[in-house]
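*Asks:* Below is the structure I would like to discuss, written out as structure tokens.
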Amino acid sequence: MAFERRKIGEILVEMGALAPAEVKLILESQVTHGRRFGETAVSEGIISEDLQAQALARQFGLAYMNLADFQPDPELLSAVPAEVLLKRQCLPLSHDQQSWVFAIADPTDVHGLDDLEMRLDASLELRVAAKTRILGLLERDQHANQVLQEVSEDFKLQLVKETDKGEEVLSIEKLTDDSSPIIRLIDSTLFDALNKRASDIHIQTGHDGVQIKYRVDGVLFRATEPLDSRFQGPIISRIKVMSELDISERRIPQDGRFKVRIGGKSIDFRVSIMPSIHGEDAVIRILDKESIAQDLQGLTLDVLGIDGSELDSLRRKIREPYGMVLVTGPTGSGKTTTLYAALTEIYNEQEKIVTIEDPVEYQLKGVVQIPVNEKKGLTFAKGLRSVLRHDPDKIMVGEIRDPETARIAVQSALTGHLVFTTVHANNVFDVLGRFMHMGIDAFNFVSCLNCVLAQRLVRKICPECKTEVHYDSATLAESGLDASKLAGHVFYRGAGCTSCNGQGYHGRTAIVELLDLNDDLRELIIAKTPVGRLKEAARSAGTQFLRDAAVNKVLAGVTTLEEINRTTFVEQARTV
């Protein structure tokens, strides 16, 4: 007996996801665009796909399935043709002899579900899930199945090596055969990592097999389902052959590099092999210099995402005639990119800029760049001494690691040069302690220091799946925020979609802590004032700390509360 189903708008209002006034707006937009109610509400950004799926489940009397942390069974996925799953937007969850359980996006696709039932010759038990989550899991599995299949000819990788004269010649592969599935696996992984904007590829072996992970926007995620442990040896051996490392040595770490040419573009890869209890693991750093060079053409401090007041102060400091501009932060926090942006902004043909780096990652137009080569005796300290004899106006030292380099850099800043450099420290005040421990005279150091910039990178919410999220009072309090002052404020997060690999984030932006050295702060530092008092004085002078900058990004809808709690300390929080 047929019955009339409740309208999805009524269900969403009942769930508290929509106000009655919003229903009217959606109905008007629905007429204009010719889409269904739920699709219109999602496309207008009024509800998330997860809420739409929950409402559909209620409408059709089905269970809702949250796939956020779900890991599909590869055997079940391989039992149904991939094109059928993609066309019907469905995902197999489990099955027995009589029935299959599927997550579906569209319960109204009766013909498609009938077709699927006939193919499997079994009854279907249905759950409703968000479409982008289903498609994201299917896409990830497609890659897992492709890595050991034939790689298309237009995506052939050519291994390249450099001679002493810098010429590139194709190396002769005698030890392997191009038809090897391991070669196809490595080629496919490199290609897929480039497509997904990965900065690193991690290959690690555990109890459950070989895991391949990508680091995208600073965070690791699994690229494929675990491979059988028997592939571990051949995979590492292949990477060693590409990097010209010793394949017979498995007891000590090895570092190497290789270059491949894809579609006429050369890309550098740095390799680190490390022995572990399960064999050997590898990390491959991707350096796509040609893409980076294109990005650098428009690189200025504006594109880094630094807040306006800090940006104005930093711009003033990088244009001072002499002194030291110091950038600090952990590895991968964007220090080098910030310095390159600063050099790009201040470059002119009337002044000579020289850099000494380890290694020279990007080439800057009009700038003399010198690579450190410690094996040949060219250290930061020796290189910096030579740089000073080349009559520079501005100098960039890639990193200060030792007392000798620190002394020369400080002396250079005191004698009329503008020095840009980085040091590894957690915040602007830890930098001061680092230099004191290196034996640098406190008076000389603070006299030459123009500013210290501490930096972190936070992931930005994916614009394709950005949706509203509600934080309860307890969550806000745990993050150091005053819920009473944020009543009615709209927060956002990414639901996860194919364009962001289901992560909910796409790209990164900088948060900074800029310590602008004034006379009062200099006197406090020379007097070895405790850090607590230094922080109070810096805040009074207008310094915005990292946590403050991070909270501002959340309130502006750029990133999420979870992301800033991952990258900054909650105890540094302010009440808004």
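Numbering starts fresh at 1 for the residues of each chain in the structure tokens, the chains themselves are lettered A, B, ... in the order given, and ligands are numbered from 1 as they appear.
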So that each row is one residue of stretch 459-478 of chain A with an atom at most 8 Å from stretch 504-520 of chain A, can you give its shortest atom pair and the distance in Å to one decimal, using only C-alpha atoms, rows by chain and rising number, as JSON lines?
*Replies:*
{"residue": "A:Arg459", "atom": "CA", "partner": "A:Arg508", "partner_atom": "CA", "distance": 4.2}
{"residue": "A:Lys460", "atom": "CA", "partner": "A:Arg508", "partner_atom": "CA", "distance": 5.2}
{"residue": "A:Ile461", "atom": "CA", "partner": "A:Tyr505", "partner_atom": "CA", "distance": 4.4}
{"residue": "A:Cys462", "atom": "CA", "partner": "A:Tyr505", "partner_atom": "CA", "distance": 4.4}
{"residue": "A:Pro463", "atom": "CA", "partner": "A:His506", "partner_atom": "CA", "distance": 7.7}
{"residue": "A:Cys465", "atom": "CA", "partner": "A:Gly504", "partner_atom": "CA", "distance": 6.9}
{"residue": "A:Lys466", "atom": "CA", "partner": "A:Gly504", "partner_atom": "CA", "distance": 7.6}
*Asks:* For the selection you just gave me, I'd like the residues written to a file as a compact mmCIF listing (two decimals), in the first residue's frame, keeping N, CA and C atoms.
*Replies:*
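What ended up in result_8.txt:
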# COMPACT_ATOMS: atom_id res chain seq x y z
N ARG A 459 46.28 24.55 8.39
CA ARG A 459 45.54 24.17 7.19
C ARG A 459 44.28 25.02 7.04
N LYS A 460 43.95 25.35 5.81
CA LYS A 460 42.75 26.13 5.51
C LYS A 460 41.59 25.19 5.19
N ILE A 461 40.39 25.58 5.58
CA ILE A 461 39.19 24.78 5.30
C ILE A 461 39.00 24.71 3.79
N CYS A 462 38.70 23.51 3.32
CA CYS A 462 38.46 23.31 1.87
C CYS A 462 37.22 24.12 1.45
N PRO A 463 37.35 24.99 0.46
CA PRO A 463 36.19 25.80 0.04
C PRO A 463 35.08 24.98 -0.62
N CYS A 465 33.91 22.02 0.34
CA CYS A 465 33.02 21.30 1.28
C CYS A 465 32.91 22.04 2.61
N LYS A 466 33.11 23.35 2.59
CA LYS A 466 33.02 24.16 3.80
C LYS A 466 31.59 24.18 4.32
*Asks:* Need the shell around A:Gly433: protein/DNA/RNA residues with any atom at most 12 Å away, counting only C-alpha atoms. Skip same-chain ones fewer than 3 positions apart. Format as a count of residues only?
*Replies:* 23
*Asks:* With only C-alpha atoms as the counted atoms, please give the residues lying no more than 7 Å from A:Ile267, apart from itself and same-chain residues fewer than 4 positions off, as a ChimeraX atom specification.
*Replies:* /A:259-261,287-289
*Asks:* Any idea what the distance is between atom CA of A:Arg319 and atom CA of A:Glu345?
*Replies:*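 Interatomic distance, atom CA of A:Arg319 to atom CA of A:Glu345: 9.3 Å.
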*Asks:* Select, from A:Ser484, A:Thr543, A:Gln455, A:Ser29, the residue with the minimum atom-to-atom distance to A:Ser333, counting only C-alpha atoms.
*Replies:*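 Ranked by minimum distance to A:Ser333, first place goes to A:Gln455.
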*Asks:* Per DSSP on the backbone, what are the helix (DSSP H, G or I) residues of stretch 225-453 of chain A, as a PyMOL selection string?
*Replies:* chain A and resi 229-243+289-297+301-304+308-318+335-346+374-376+380-388+403-414+428-437+442-448
*Asks:* Could you check the closest approach to A:Thr337 for each of A:Leu220, A:Leu457, A:Ile203, A:Ile408 and tell me which residue wins, using only C-alpha atoms?
*Replies:*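 The closest residue to A:Thr337 is A:Leu457.
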*Asks:* Find the spatial neighbours of A:Leu384, counting only C-alpha atoms, within a cut-off of 12 Å - ignore same-chain residues fewer than 2 positions away - and output them as an NGL selection string.
*Replies:* :A and (354-357 or 369-372 or 378-382 or 386-392 or 394-400 or 404-412 or 419 or 421)
*Asks:* For each of A:Asp96, A:Asp208, A:Glu523, A:Glu464, take the minimum atom-to-atom distance to A:Phe443, counting only C-alpha atoms, then give the residue where this is smallest.
*Replies:*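 Closest to A:Phe443 of all the choices is A:Glu523.
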*Asks:* With only C-alpha atoms as the atoms that count, which of A:Ile104, A:Leu190, A:Ile346, A:Ala550 lies nearest to A:Phe269?
*Replies:*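 Among the listed residues, A:Leu190 lies closest to A:Phe269.
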*Asks:* Hey, which of A:Leu51, A:Ala57, A:Ala495, A:Ala549 ends up closest to A:Thr567? Count only C-alpha atoms.
*Replies:*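 Of all the options, A:Ala549 lies closest to A:Thr567.
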